[in-house]
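K.L.:
What follows is upload_37.cif, mmCIF, C-alpha atoms.
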data_input
loop_
_atom_site.label_atom_id
_atom_site.label_comp_id
_atom_site.auth_asym_id
_atom_site.auth_seq_id
_atom_site.Cartn_x
_atom_site.Cartn_y
_atom_site.Cartn_z
CA MET A 317 11.47 -16.80 18.87
CA HIS A 318 9.15 -17.23 15.87
CA ASP A 319 6.63 -19.17 17.96
CA GLU A 320 6.71 -16.47 20.65
CA VAL A 321 5.95 -13.74 18.12
CA ILE A 322 3.10 -15.76 16.59
CA ALA A 323 1.69 -16.35 20.07
CA HIS A 324 1.90 -12.62 20.79
CA ILE A 325 0.04 -11.84 17.56
CA ALA A 326 -2.63 -14.47 18.22
CA ALA A 327 -3.15 -13.19 21.76
CA ASN A 328 -3.23 -9.48 20.96
CA TRP A 329 -4.90 -9.23 17.57
CA PRO A 330 -8.39 -10.06 18.95
CA ALA A 331 -7.99 -7.16 21.41
CA CYS A 332 -7.88 -4.83 18.40
CA ALA A 333 -11.42 -5.82 17.36
CA ARG A 334 -13.95 -2.99 17.08
CA HIS A 335 -17.56 -2.82 15.90
CA HIS A 336 -19.73 0.25 15.50
CA VAL A 337 -22.62 0.01 13.07
CA ASN A 338 -23.71 3.60 13.58
CA ASP A 339 -21.74 6.72 12.72
CA ASP A 340 -20.60 8.23 16.02
CA GLY A 341 -19.41 11.55 14.65
CA MET A 342 -15.75 10.54 14.65
CA LYS A 343 -15.87 7.10 13.05
CA ILE A 344 -18.00 6.04 10.09
CA GLY A 345 -20.43 3.26 10.87
CA LEU A 346 -19.39 -0.09 9.38
CA PRO A 347 -21.53 -3.22 9.02
CA CYS A 348 -18.97 -5.75 10.31
CA PRO A 349 -16.45 -6.04 13.13
CA TYR A 350 -12.88 -5.18 12.13
CA LEU A 351 -9.36 -4.96 13.54
CA THR A 352 -7.66 -1.65 14.18
CA GLN A 353 -4.09 -1.24 13.00
CA SER A 354 -2.42 -0.73 16.36
CA THR A 355 -2.45 -1.81 19.98
CA ALA A 356 -1.51 1.75 20.91
CA ARG A 357 -3.90 4.70 20.99
CA HIS A 358 -2.98 5.66 17.43
CA PHE A 359 -4.72 4.40 14.28
CA GLN A 360 -7.85 3.21 16.05
CA CYS A 361 -9.92 2.75 12.89
CA MET A 362 -9.77 1.00 9.54
CA TYR A 363 -7.21 2.31 7.06
CA TYR A 364 -7.47 1.26 3.44
CA TRP A 365 -4.23 -0.19 2.18
CA ASP A 366 -3.01 -1.24 5.65
CA THR A 367 -5.86 -3.73 5.69
CA TYR A 368 -4.63 -5.63 2.65
CA PHE A 369 -1.36 -6.55 4.33
CA ALA A 370 -3.02 -7.40 7.62
CA ASN A 371 -5.37 -9.73 5.73
CA LEU A 372 -2.41 -11.75 4.45
CA GLY A 373 -1.76 -12.96 7.96
CA LEU A 374 -5.39 -13.23 9.00
CA LEU A 375 -6.18 -15.65 6.17
CA LEU A 376 -3.16 -17.79 7.02
CA LEU A 377 -4.20 -17.96 10.69
CA GLY A 378 -7.66 -19.12 9.56
CA GLY A 379 -10.85 -19.59 11.57
CA ASP A 380 -12.17 -16.43 13.19
CA MET A 381 -9.20 -14.47 11.85
CA ALA A 382 -10.06 -15.45 8.27
CA ALA A 383 -13.65 -14.40 8.92
CA MET A 384 -12.31 -11.03 10.03
CA ALA A 385 -10.45 -10.69 6.72
CA ARG A 386 -13.76 -11.18 4.93
CA ASN A 387 -15.35 -8.58 7.22
CA HIS A 388 -12.65 -6.14 6.17
CA VAL A 389 -13.55 -6.49 2.51
CA ASP A 390 -17.25 -6.09 3.27
CA ASN A 391 -16.55 -2.95 5.31
CA LEU A 392 -14.40 -1.40 2.61
CA CYS A 393 -17.07 -2.17 0.04
CA SER A 394 -19.64 -0.46 2.25
CA LEU A 395 -17.46 2.66 2.09
CA VAL A 396 -17.43 2.41 -1.70
CA THR A 397 -21.23 2.25 -1.67
CA GLU A 398 -21.43 5.35 0.53
CA PHE A 399 -18.69 7.51 -0.99
CA GLY A 400 -17.99 6.09 -4.46
CA HIS A 401 -14.45 5.16 -3.41
CA VAL A 402 -12.60 3.92 -0.34
CA PRO A 403 -11.60 6.94 1.75
CA ASN A 404 -8.16 7.12 3.29
CA SER A 405 -9.67 5.84 6.53
CA ALA A 406 -12.99 5.29 8.25
CA LEU A 407 -12.48 8.41 10.36
CA ARG A 408 -14.92 11.25 9.79
CA THR A 409 -12.37 14.05 9.42
CA GLN A 410 -11.84 16.79 6.87
CA THR A 411 -8.95 14.96 5.26
CA SER A 412 -10.53 11.48 5.17
CA PHE A 413 -12.94 11.77 2.27
CA GLY A 414 -11.13 13.75 -0.41
CA HIS A 415 -8.45 11.16 -1.08
CA SER A 416 -8.13 7.41 -1.00
CA GLN A 417 -5.09 5.15 -0.61
CA PRO A 418 -3.41 2.75 -3.05
CA PRO A 419 -6.11 0.47 -4.51
CA TYR A 420 -5.86 -3.07 -3.16
CA LEU A 421 -9.53 -3.91 -2.68
CA SER A 422 -9.57 -6.15 -5.75
CA MET A 423 -6.57 -8.10 -4.47
CA MET A 424 -8.18 -8.43 -1.04
CA THR A 425 -11.33 -9.71 -2.71
CA ALA A 426 -9.35 -12.29 -4.69
CA ASP A 427 -7.62 -13.53 -1.52
CA VAL A 428 -10.84 -13.84 0.45
CA TYR A 429 -12.61 -15.57 -2.43
CA GLY A 430 -9.68 -17.99 -2.67
CA TYR A 431 -10.21 -18.91 0.98
CA PHE A 432 -14.03 -19.13 1.14
CA ASN A 433 -14.88 -19.93 -2.49
CA ASP A 434 -18.21 -18.06 -2.20
CA ARG A 435 -19.36 -17.22 -5.73
CA GLN A 436 -22.40 -15.23 -4.66
CA TRP A 437 -20.26 -13.10 -2.37
CA LEU A 438 -17.81 -12.50 -5.23
CA ALA A 439 -20.64 -11.41 -7.53
CA GLU A 440 -21.75 -8.84 -4.96
CA ARG A 441 -18.22 -7.55 -4.44
CA TYR A 442 -17.69 -7.35 -8.22
CA CYS A 443 -20.20 -4.50 -8.45
CA ASP A 444 -18.43 -2.61 -5.67
CA LEU A 445 -15.08 -3.07 -7.39
CA LEU A 446 -16.50 -1.64 -10.61
CA THR A 447 -17.57 1.47 -8.71
CA GLU A 448 -14.15 1.90 -7.14
CA TYR A 449 -12.37 1.30 -10.45
CA ALA A 450 -14.54 4.00 -12.07
CA PHE A 451 -13.36 6.43 -9.39
CA TRP A 452 -9.70 5.83 -10.22
CA ILE A 453 -10.27 5.97 -13.97
CA GLY A 454 -12.54 9.01 -13.92
CA GLU A 455 -11.19 11.11 -11.04
CA ARG A 456 -7.47 10.41 -11.40
CA SER A 457 -6.94 10.50 -15.17
CA THR A 458 -4.09 12.21 -17.06
CA HIS A 459 -3.47 12.91 -20.73
CA THR A 460 -1.03 9.98 -20.83
CA GLY A 461 -3.88 7.48 -20.46
CA LEU A 462 -2.48 6.47 -17.07
CA GLN A 463 -3.70 7.50 -13.62
CA ARG A 464 -2.23 9.71 -10.89
CA TYR A 465 -2.75 10.28 -7.20
CA TYR A 466 -4.79 13.37 -6.39
CA ALA A 467 -7.09 14.72 -3.68
CA GLY A 468 -10.54 16.26 -3.58
CA GLU A 469 -10.59 18.11 -0.26
CA ASP A 470 -12.21 21.54 -0.23
CA ASP A 471 -10.06 24.62 -0.79
CA GLU A 472 -9.88 25.66 2.86
CA THR A 473 -8.81 22.20 4.04
CA THR A 474 -6.28 21.92 1.22
CA ALA A 475 -4.62 25.26 1.97
CA GLY A 476 -4.70 24.54 5.70
CA TYR A 477 -2.84 21.26 5.21
CA ILE A 478 0.37 23.33 5.13
CA ASP A 479 -0.11 24.12 8.81
CA TYR A 480 -0.48 20.41 9.60
CA LEU A 481 2.70 19.59 7.68
CA ASN A 482 4.66 22.23 9.57
CA ARG A 483 3.22 21.32 12.94
CA ASN A 484 3.24 17.52 12.77
CA ARG A 485 5.40 16.27 9.93
CA GLY A 486 8.67 18.15 10.28
CA PHE A 487 8.26 20.53 7.33
CA SER A 488 8.94 24.27 7.50
CA PHE A 489 6.94 25.80 4.67
CA ALA A 490 6.63 29.59 4.81
CA ILE A 491 3.94 30.15 2.19
CA ASP A 492 1.74 33.23 2.41
CA ASP A 493 0.26 33.33 -1.08
CA PRO A 494 -3.17 31.62 -0.93
CA GLN A 495 -2.83 30.01 -4.35
CA GLU A 496 0.60 28.58 -3.53
CA ARG A 497 -0.67 27.26 -0.20
CA TRP A 498 -3.53 25.56 -2.03
CA LYS A 499 -1.25 24.12 -4.70
CA THR A 500 1.30 22.77 -2.19
CA GLY A 501 -1.44 21.39 0.04
CA ARG A 502 -3.01 19.60 -2.94
CA HIS A 503 0.28 17.94 -3.85
CA PHE A 504 0.85 16.70 -0.31
CA LEU A 505 -2.71 15.42 0.07
CA ALA A 506 -2.17 13.56 -3.22
CA GLU A 507 0.99 12.11 -1.73
CA ALA A 508 -1.00 11.00 1.30
CA GLU A 509 -3.21 9.11 -1.16
CA SER A 510 -0.08 7.29 -2.37
CA GLY A 511 0.29 5.69 1.06
CA TRP A 512 3.95 6.74 0.99
CA ASP A 513 3.40 9.85 3.04
CA PHE A 514 5.92 11.24 2.64
CA ASN A 515 8.71 10.31 0.23
CA PRO A 516 11.24 11.84 -2.21
CA ARG A 517 9.82 10.19 -5.36
CA PHE A 518 7.61 13.09 -6.40
CA ALA A 519 9.72 16.16 -5.52
CA ASN A 520 6.83 17.46 -3.37
CA ARG A 521 4.65 17.63 -6.54
CA CYS A 522 2.87 14.29 -6.37
CA ALA A 523 -0.15 15.31 -8.46
CA ASP A 524 2.20 16.05 -11.39
CA PHE A 525 3.37 12.43 -11.55
CA VAL A 526 2.09 9.18 -13.02
CA PRO A 527 3.16 6.63 -10.36
CA VAL A 528 4.40 3.15 -11.15
CA ASP A 529 2.67 1.38 -8.27
CA LEU A 530 -0.79 2.91 -8.82
CA ASN A 531 -0.92 1.96 -12.49
CA CYS A 532 0.39 -1.53 -11.89
CA ASN A 533 -2.33 -2.06 -9.31
CA LEU A 534 -4.96 -0.89 -11.79
CA TYR A 535 -3.53 -3.36 -14.31
CA ARG A 536 -4.07 -6.03 -11.67
CA TYR A 537 -7.66 -4.83 -11.21
CA GLU A 538 -8.30 -5.25 -14.93
CA ILE A 539 -6.83 -8.76 -14.94
CA ASN A 540 -8.89 -9.63 -11.87
CA PHE A 541 -12.08 -8.34 -13.48
CA ALA A 542 -11.45 -10.76 -16.33
CA LYS A 543 -10.95 -13.66 -13.89
CA PHE A 544 -13.86 -12.72 -11.64
CA GLY A 545 -16.13 -12.35 -14.65
CA GLU A 546 -15.42 -15.90 -15.76
CA ILE A 547 -16.16 -17.20 -12.26
CA ILE A 548 -19.51 -15.42 -11.90
CA GLY A 549 -20.64 -15.96 -15.49
CA ARG A 550 -20.12 -12.62 -17.21
CA ASN A 551 -19.15 -12.39 -20.87
CA ASP A 552 -16.82 -9.37 -20.85
CA SER A 553 -13.55 -10.97 -19.75
CA GLN A 554 -11.78 -10.34 -23.05
CA GLN A 555 -12.64 -6.65 -22.84
CA TRP A 556 -10.90 -6.47 -19.49
CA ARG A 557 -7.86 -8.29 -20.81
CA ASP A 558 -7.72 -5.79 -23.66
CA LYS A 559 -7.83 -2.91 -21.16
CA ALA A 560 -5.04 -4.53 -19.17
CA GLU A 561 -2.90 -4.94 -22.28
CA GLN A 562 -3.45 -1.30 -23.23
CA ARG A 563 -2.34 -0.26 -19.75
CA ARG A 564 0.71 -2.50 -19.89
CA GLU A 565 1.76 -0.85 -23.15
CA LEU A 566 1.39 2.60 -21.58
CA ILE A 567 3.36 1.50 -18.53
CA ASP A 568 6.16 0.40 -20.86
CA ARG A 569 5.99 3.65 -22.81
CA TYR A 570 6.06 6.08 -19.90
CA LEU A 571 7.48 4.21 -16.91
CA TRP A 572 9.97 1.60 -18.16
CA HIS A 573 13.61 2.61 -18.66
CA ALA A 574 15.56 -0.21 -20.24
CA ASP A 575 18.90 1.55 -19.94
CA ALA A 576 18.59 1.71 -16.15
CA GLY A 577 16.62 -1.52 -15.74
CA LEU A 578 14.06 0.37 -13.67
CA TYR A 579 10.45 1.46 -13.69
CA LEU A 580 10.37 5.15 -12.70
CA ASP A 581 7.48 7.47 -11.87
CA TYR A 582 6.78 9.90 -14.72
CA ASP A 583 6.52 13.66 -14.29
CA TYR A 584 3.94 14.21 -17.03
CA VAL A 585 3.95 18.00 -16.53
CA ASN A 586 7.67 18.32 -17.30
CA GLU A 587 7.76 15.14 -19.42
CA GLN A 588 10.61 13.46 -17.57
CA PRO A 589 11.12 10.52 -15.21
CA SER A 590 11.61 10.94 -11.50
CA PRO A 591 15.31 10.92 -10.61
CA VAL A 592 14.57 8.85 -7.51
CA ALA A 593 14.72 5.07 -7.85
CA SER A 594 12.24 3.40 -5.51
CA LEU A 595 10.84 -0.01 -4.69
CA ALA A 596 7.87 0.86 -6.87
CA THR A 597 10.08 -0.60 -9.60
CA PHE A 598 9.14 -4.04 -8.23
CA GLN A 599 5.38 -3.39 -8.44
CA PRO A 600 5.17 -4.62 -12.07
CA LEU A 601 6.62 -7.95 -10.90
CA TYR A 602 4.00 -8.12 -8.16
CA ALA A 603 1.19 -7.14 -10.56
CA GLY A 604 2.33 -9.42 -13.38
CA CYS A 605 2.81 -6.79 -16.07
CA ALA A 606 6.60 -7.07 -16.49
CA SER A 607 8.15 -9.22 -19.20
CA LYS A 608 10.75 -11.82 -18.24
CA GLN A 609 13.46 -9.54 -19.61
CA GLN A 610 12.17 -6.54 -17.67
CA ALA A 611 11.88 -8.58 -14.48
CA ARG A 612 15.45 -9.80 -14.89
CA ALA A 613 16.69 -6.23 -15.28
CA VAL A 614 14.77 -5.06 -12.20
CA VAL A 615 16.13 -7.92 -10.09
CA ARG A 616 19.65 -6.91 -11.05
CA ASN A 617 18.92 -3.62 -9.23
CA LEU A 618 17.78 -5.34 -6.03
CA GLY A 619 21.14 -4.75 -4.38
CA ARG A 620 20.62 -0.99 -4.56
CA PHE A 621 17.72 -1.33 -2.11
CA GLU A 622 18.64 -4.38 -0.03
CA TYR A 623 20.45 -4.31 3.30
CA LYS A 624 21.07 -6.91 5.99
CA TRP A 625 17.66 -6.48 7.56
CA GLY A 626 15.45 -5.84 4.55
CA VAL A 627 14.75 -3.49 1.66
CA VAL A 628 14.43 0.30 1.87
CA PRO A 629 11.84 2.39 -0.01
CA CYS A 630 14.26 4.51 -2.05
CA VAL A 631 17.91 4.37 -3.03
CA LYS A 632 19.98 6.34 -0.52
CA GLY A 633 20.53 9.95 -1.57
CA GLU A 634 20.86 13.53 -0.42
CA ARG A 635 17.53 14.90 0.83
CA ILE A 636 16.40 18.27 2.09
CA HIS A 637 13.85 16.59 4.37
CA THR A 638 13.74 13.42 6.47
CA TYR A 639 11.12 11.31 4.75
CA GLN A 640 9.78 8.27 6.55
CA TRP A 641 9.26 6.40 3.25
CA ASP A 642 12.96 6.46 2.45
CA TYR A 643 16.31 4.98 3.42
CA PRO A 644 17.00 3.46 5.98
CA ASN A 645 13.46 2.36 6.89
CA ALA A 646 12.06 -1.14 6.43
CA TRP A 647 8.28 -1.05 5.98
CA ALA A 648 6.28 -4.28 6.14
CA PRO A 649 4.20 -3.74 2.97
CA LEU A 650 7.27 -3.14 0.83
CA GLN A 651 8.99 -6.28 2.10
CA TYR A 652 5.91 -8.21 1.00
CA LEU A 653 5.47 -6.55 -2.40
CA VAL A 654 9.10 -7.10 -3.34
CA ALA A 655 9.20 -10.68 -2.07
CA GLN A 656 5.90 -11.59 -3.75
CA GLY A 657 7.07 -10.02 -6.99
CA LEU A 658 10.27 -12.05 -6.85
CA LEU A 659 8.30 -15.24 -6.18
CA ASN A 660 6.00 -14.49 -9.11
CA GLU A 661 8.98 -14.25 -11.46
CA GLY A 662 10.80 -17.34 -10.18
CA TYR A 663 13.43 -15.65 -8.00
CA ALA A 664 12.62 -17.75 -4.94
CA GLY A 665 16.09 -17.50 -3.43
CA ASP A 666 15.98 -13.71 -3.37
CA ALA A 667 12.41 -13.73 -2.04
CA LEU A 668 13.30 -16.14 0.76
CA ARG A 669 16.26 -14.01 1.78
CA ILE A 670 14.00 -10.96 2.14
CA CYS A 671 11.39 -12.96 4.06
CA ARG A 672 14.03 -14.33 6.41
CA ALA A 673 15.55 -10.88 6.93
CA TYR A 674 12.18 -9.38 7.84
CA CYS A 675 11.35 -12.19 10.26
CA ASP A 676 14.77 -11.84 11.88
CA LEU A 677 14.29 -8.07 12.12
CA VAL A 678 10.90 -8.38 13.82
CA GLU A 679 12.14 -11.11 16.18
CA ARG A 680 15.31 -9.21 17.08
CA ASN A 681 13.34 -6.19 18.22
CA PHE A 682 10.57 -8.25 19.79
CA ALA A 683 13.16 -9.92 22.01
CA VAL A 684 14.11 -6.49 23.38
CA THR A 685 10.74 -4.69 23.47
CA GLY A 686 8.05 -7.39 23.46
CA GLN A 687 6.29 -5.50 20.65
CA LEU A 688 5.87 -5.36 16.87
CA TRP A 689 6.48 -1.95 15.38
CA GLU A 690 5.28 0.20 12.52
CA LYS A 691 8.69 0.26 10.82
CA TYR A 692 12.30 -0.70 11.44
CA ASN A 693 15.82 0.22 10.36
CA ALA A 694 16.85 -2.09 7.51
CA VAL A 695 20.52 -1.12 7.81
CA ASP A 696 21.30 -1.71 11.49
CA GLY A 697 18.29 -3.79 12.53
CA THR A 698 17.10 -1.39 15.22
CA LEU A 699 14.20 0.99 15.79
CA ARG A 700 16.34 4.03 14.93
CA VAL A 701 14.26 5.05 11.95
CA GLY A 702 14.09 8.15 9.80
CA ASP A 703 10.79 9.61 10.94
CA GLU A 704 8.63 12.65 10.26
CA HIS A 705 6.70 11.93 13.46
CA PRO A 706 9.06 13.10 16.23
CA TYR A 707 6.61 12.20 18.97
CA PHE A 708 5.75 8.56 18.38
CA MET A 709 6.45 5.39 16.48
CA PRO A 710 3.47 3.14 17.20
CA THR A 711 3.38 -0.51 18.01
CA MET A 712 1.61 -2.24 15.17
CA LEU A 713 -0.47 -5.39 14.90
CA GLY A 714 -1.72 -4.56 11.44
CA TRP A 715 0.52 -4.86 8.42
CA SER A 716 3.62 -5.69 10.48
CA ALA A 717 1.83 -8.69 11.95
CA GLY A 718 0.25 -9.72 8.65
CA VAL A 719 3.48 -9.61 6.69
CA TYR A 720 5.39 -11.36 9.48
CA VAL A 721 2.91 -14.25 9.45
CA TRP A 722 3.05 -14.40 5.64
CA ALA A 723 6.84 -14.20 5.43
CA GLY A 724 7.27 -16.93 8.02
CA GLU A 725 4.86 -19.21 6.19
CA ILE A 726 6.53 -18.60 2.82
CA PHE A 727 9.95 -19.25 4.29
CA LYS A 728 8.67 -22.47 5.84
CA GLN A 729 7.00 -23.71 2.65
CA GLU A 730 9.86 -22.86 0.30
CA SER A 731 12.50 -24.27 2.61
CA GLU A 732 10.85 -27.68 2.97
#
Hey, can you dump this file as structure tokens for me?

P.N.:
Amino acid sequence: MHDEVIAHIAANWPACARHHVNDDGMKIGLPCPYLTQSTARHFQCMYYWDTYFANLGLLLLGGDMAAMARNHVDNLCSLVTEFGHVPNSALRTQTSFGHSQPPYLSMMTADVYGYFNDRQWLAERYCDLLTEYAFWIGERSTHTGLQRYYAGEDDETTAGYIDYLNRNRGFSFAIDDPQERWKTGRHFLAEAESGWDFNPRFANRCADFVPVDLNCNLYRYEINFAKFGEIIGRNDSQQWRDKAEQRRELIDRYLWHADAGLYLDYDYVNEQPSPVASLATFQPLYAGCASKQQARAVVRNLGRFEYKWGVVPCVKGERIHTYQWDYPNAWAPLQYLVAQGLLNEGYAGDALRICRAYCDLVERNFAVTGQLWEKYNAVDGTLRVGDEHPYFMPTMLGWSAGVYVWAGEIFKQESE
């Protein structure tokens, strides 16, 4: 079945290719061809963090697919040049430009450089990464010294987001006060920037939290700046390592909880950790900012998230809303981040089990439907997911395909 799924990906991914240099009023013009995230009518543009996970598979497939991964980085950097950050997507809509998505452009750049080994290209991308990093540091700062998710949409769009949530995402907010509508809309737009839209981690107050995953990614940016600088001949690598160490210390101070063996998002307004344990606790293992002792403690909690068919975003609990980034859903990017974090820390057996479970999950449903899907049920291995979108669950050839290709390759390499 694995070969059949790979053949399906190889045959269908090229059909997702799009190219429009000029802005057409709905989509922002991009310099290079790119792949959309879905074979269905949904998600017919570039989305920021989705692209990172798709690129994992594209680089492994090589050839024209690897060239497409490089195109993706160039396109995202063109958005940085135009807007000062990577918007949520390359759609020209009211809610595209005010918020971004989790920062992975530096990691994408590192992967593409590792494949092509083009120093001049890396030097050009380095300047774009500096611009994006400045956005996160300057526009998303908190008094803790760590960053948060936020959103910069205008007041009318922000307040009106409540109507979208009620109409399309299963919420039932009855808020008449204009200031409360604005405040609630701002929190949910910030949560959209988290990529986990929506989830129980932030108690519907995302902008009040310092998230684990965001700050670990920015740590990784700082480490990458040090490495990239050495490659292209800069002399500021130690400064970047110092910044990374300062961030690691703040992550330990605000986000690490030794008694629970977990990294937890921090509500800096109320000065308390989130009560919801999530897979973000594995992000420090992925980013490389956890100590061996911390990693060991986190891994001991793996069983709280792991089921037969994969890992779920948050520990099962009572909720007042059905969040799609929650139990029992298995999302491709989280399978990768957890498995890669485990590999980084030497827990190959656990990582291989998660890779095998995800491949089995994809293949099991492909055998029935002939499709890859946006998300799956990690508990029973079906497509019966907890979903805020009652009207569709799209077929995906973006991150689902990319992580499937990656997981299969890792399982093959580690099992030999």

K.L.:
Taking the file as shown, what set of residues would the PyMOL selection byres ((chain A and resi 424-432) around 8) give back, as a list in words?

P.N.:
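Checking the PyMOL selection byres ((chain A and resi 424-432) around 8) against this file, the residues are Tyr368, Asn371, Leu375, Ala385, Arg386, Val389, Tyr420, Leu421, Ser422, Met423, Asn433, Asp434, Arg435, Leu438, Arg441 and Asn540 of chain A.
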
K.L.:
Kindly extract all protein, DNA and RNA residues lying within 12 Å of the coordinates (1.7, 15.2, -9.2) given in the file, considering all atoms listed in the file, and supply them as a count of residues only.

P.N.:
39

K.L.:
Excluding A:Lys343 and residues on its chain fewer than 5 positions from it, collect all residues at most 8 Å away from it, counting all atoms listed in the file, and give them as a short mmCIF file (atom, residue, chain, number, x, y, z; two decimals) with C-alpha atoms, in the frame of the given file.

P.N.:
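Written output follows (selection15.cif):
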data_model
loop_
_atom_site.label_atom_id
_atom_site.label_comp_id
_atom_site.auth_asym_id
_atom_site.auth_seq_id
_atom_site.Cartn_x
_atom_site.Cartn_y
_atom_site.Cartn_z
CA CYS A 361 -9.92 2.75 12.89
CA ALA A 406 -12.99 5.29 8.25
CA LEU A 407 -12.48 8.41 10.36
CA ARG A 408 -14.92 11.25 9.79
#

K.L.:
What gap, in Å, lies between atom CA of A:Leu578 and atom CA of A:Val719?

P.N.:
25.0 Å

K.L.:
Have a look at atom CA of A:Tyr570 and atom CA of A:Ala611 and let me know their distance in Å, one decimal.

P.N.:
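Separation between atom CA of A:Tyr570 and atom CA of A:Ala611: 16.7 Å.
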
K.L.:
Between A:Gly373, A:Tyr363, A:Gly341, A:Arg672, which one has atoms that come closest to A:Ala326, using all atoms listed in the file?

P.N.:
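Closest to A:Ala326, using all atoms listed in the file: A:Gly373.
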
K.L.:
Compare A:Val615, A:Ala667, A:Ile548, A:Leu445 by their minimum atom-to-atom distance to A:Tyr579, counting all atoms listed in the file, and give me the closest one.

P.N.:
A:Val615

K.L.:
Applied to the shown file, which residues does the PyMOL selection byres ((chain A and resi 646) around 9) return, written as a PDB file with C-alpha atoms, in the coordinates of the input?

P.N.:
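Saved file out08.pdb follows:
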ATOM      1  CA  TRP A 625      17.660  -6.480   7.560  1.00  0.00           C
ATOM      2  CA  GLY A 626      15.450  -5.840   4.550  1.00  0.00           C
ATOM      3  CA  VAL A 627      14.750  -3.490   1.660  1.00  0.00           C
ATOM      4  CA  VAL A 628      14.430   0.300   1.870  1.00  0.00           C
ATOM      5  CA  PRO A 629      11.840   2.390  -0.010  1.00  0.00           C
ATOM      6  CA  TRP A 641       9.260   6.400   3.250  1.00  0.00           C
ATOM      7  CA  ASP A 642      12.960   6.460   2.450  1.00  0.00           C
ATOM      8  CA  TYR A 643      16.310   4.980   3.420  1.00  0.00           C
ATOM      9  CA  PRO A 644      17.000   3.460   5.980  1.00  0.00           C
ATOM     10  CA  ASN A 645      13.460   2.360   6.890  1.00  0.00           C
ATOM     11  CA  TRP A 647       8.280  -1.050   5.980  1.00  0.00           C
ATOM     12  CA  ALA A 648       6.280  -4.280   6.140  1.00  0.00           C
ATOM     13  CA  PRO A 649       4.200  -3.740   2.970  1.00  0.00           C
ATOM     14  CA  LEU A 650       7.270  -3.140   0.830  1.00  0.00           C
ATOM     15  CA  GLN A 651       8.990  -6.280   2.100  1.00  0.00           C
ATOM     16  CA  TYR A 674      12.180  -9.380   7.840  1.00  0.00           C
ATOM     17  CA  LYS A 691       8.690   0.260  10.820  1.00  0.00           C
ATOM     18  CA  TYR A 692      12.300  -0.700  11.440  1.00  0.00           C
ATOM     19  CA  ASN A 693      15.820   0.220  10.360  1.00  0.00           C
ATOM     20  CA  ALA A 694      16.850  -2.090   7.510  1.00  0.00           C
ATOM     21  CA  VAL A 695      20.520  -1.120   7.810  1.00  0.00           C
ATOM     22  CA  VAL A 701      14.260   5.050  11.950  1.00  0.00           C
TER      23      VAL A 701
END

K.L.:
Care to translate the PyMOL selection byres ((chain A and resi 593-603) around 6) into actual residues of this file, as a PyMOL selection string?

P.N.:
chain A and resi 528-529+532+536+578-579+592+604-606+629-631+654+656-657

K.L.:
Nearest to A:Ala439: which of A:Glu546, A:Asp696, A:Asp558, A:Asp471 is it, counting all atoms listed in the file?

P.N.:
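Ranking A:Glu546, A:Asp696, A:Asp558, A:Asp471 by distance to A:Ala439, first place goes to A:Glu546.
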
K.L.:
Can you tell me, as a list in words, what residues are no more than 10 Å from A:Thr397 when counting only C-alpha atoms, ignoring any on the same chain fewer than 5 positions away?

P.N.:
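Counting only C-alpha atoms, the residues come to Asn391, Leu392, Val402, Cys443, Asp444, Leu445, Thr447 and Glu448 of chain A.
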
K.L.:
Skip A:Val684 itself and residues of its chain fewer than 4 positions away, then list as a list in words all residues within 12 Å of it, counting all atoms listed in the file.

P.N.:
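So the residues in contact are Met317, Leu677, Val678, Glu679, Arg680, Leu688, Trp689, Gly697, Thr698 and Leu699 of chain A.
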
K.L.:
Fix up stretch 420-428 of chain A with N, CA and C atoms, then write it as a JSON list (two decimals), in the frame of the given file.

P.N.:
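Written out: result.json:
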[["chain", "number", "residue", "atom", "x", "y", "z"],
["A", 420, "TYR", "N", -6.12, -1.64, -3.36],
["A", 420, "TYR", "CA", -5.86, -3.07, -3.16],
["A", 420, "TYR", "C", -7.13, -3.86, -2.89],
["A", 421, "LEU", "N", -8.29, -3.22, -3.01],
["A", 421, "LEU", "CA", -9.53, -3.91, -2.68],
["A", 421, "LEU", "C", -9.76, -5.11, -3.59],
["A", 422, "SER", "N", -9.41, -5.01, -4.85],
["A", 422, "SER", "CA", -9.57, -6.15, -5.75],
["A", 422, "SER", "C", -8.70, -7.32, -5.32],
["A", 423, "MET", "N", -7.47, -7.04, -4.90],
["A", 423, "MET", "CA", -6.57, -8.10, -4.47],
["A", 423, "MET", "C", -7.06, -8.73, -3.16],
["A", 424, "MET", "N", -7.60, -7.90, -2.27],
["A", 424, "MET", "CA", -8.18, -8.43, -1.04],
["A", 424, "MET", "C", -9.35, -9.35, -1.36],
["A", 425, "THR", "N", -10.17, -8.92, -2.31],
["A", 425, "THR", "CA", -11.33, -9.71, -2.71],
["A", 425, "THR", "C", -10.89, -11.06, -3.28],
["A", 426, "ALA", "N", -9.87, -11.04, -4.11],
["A", 426, "ALA", "CA", -9.35, -12.29, -4.69],
["A", 426, "ALA", "C", -8.85, -13.23, -3.59],
["A", 427, "ASP", "N", -8.15, -12.69, -2.60],
["A", 427, "ASP", "CA", -7.62, -13.53, -1.52],
["A", 427, "ASP", "C", -8.74, -14.14, -0.69],
["A", 428, "VAL", "N", -9.74, -13.33, -0.37],
["A", 428, "VAL", "CA", -10.84, -13.84, 0.45],
["A", 428, "VAL", "C", -11.66, -14.85, -0.34]]
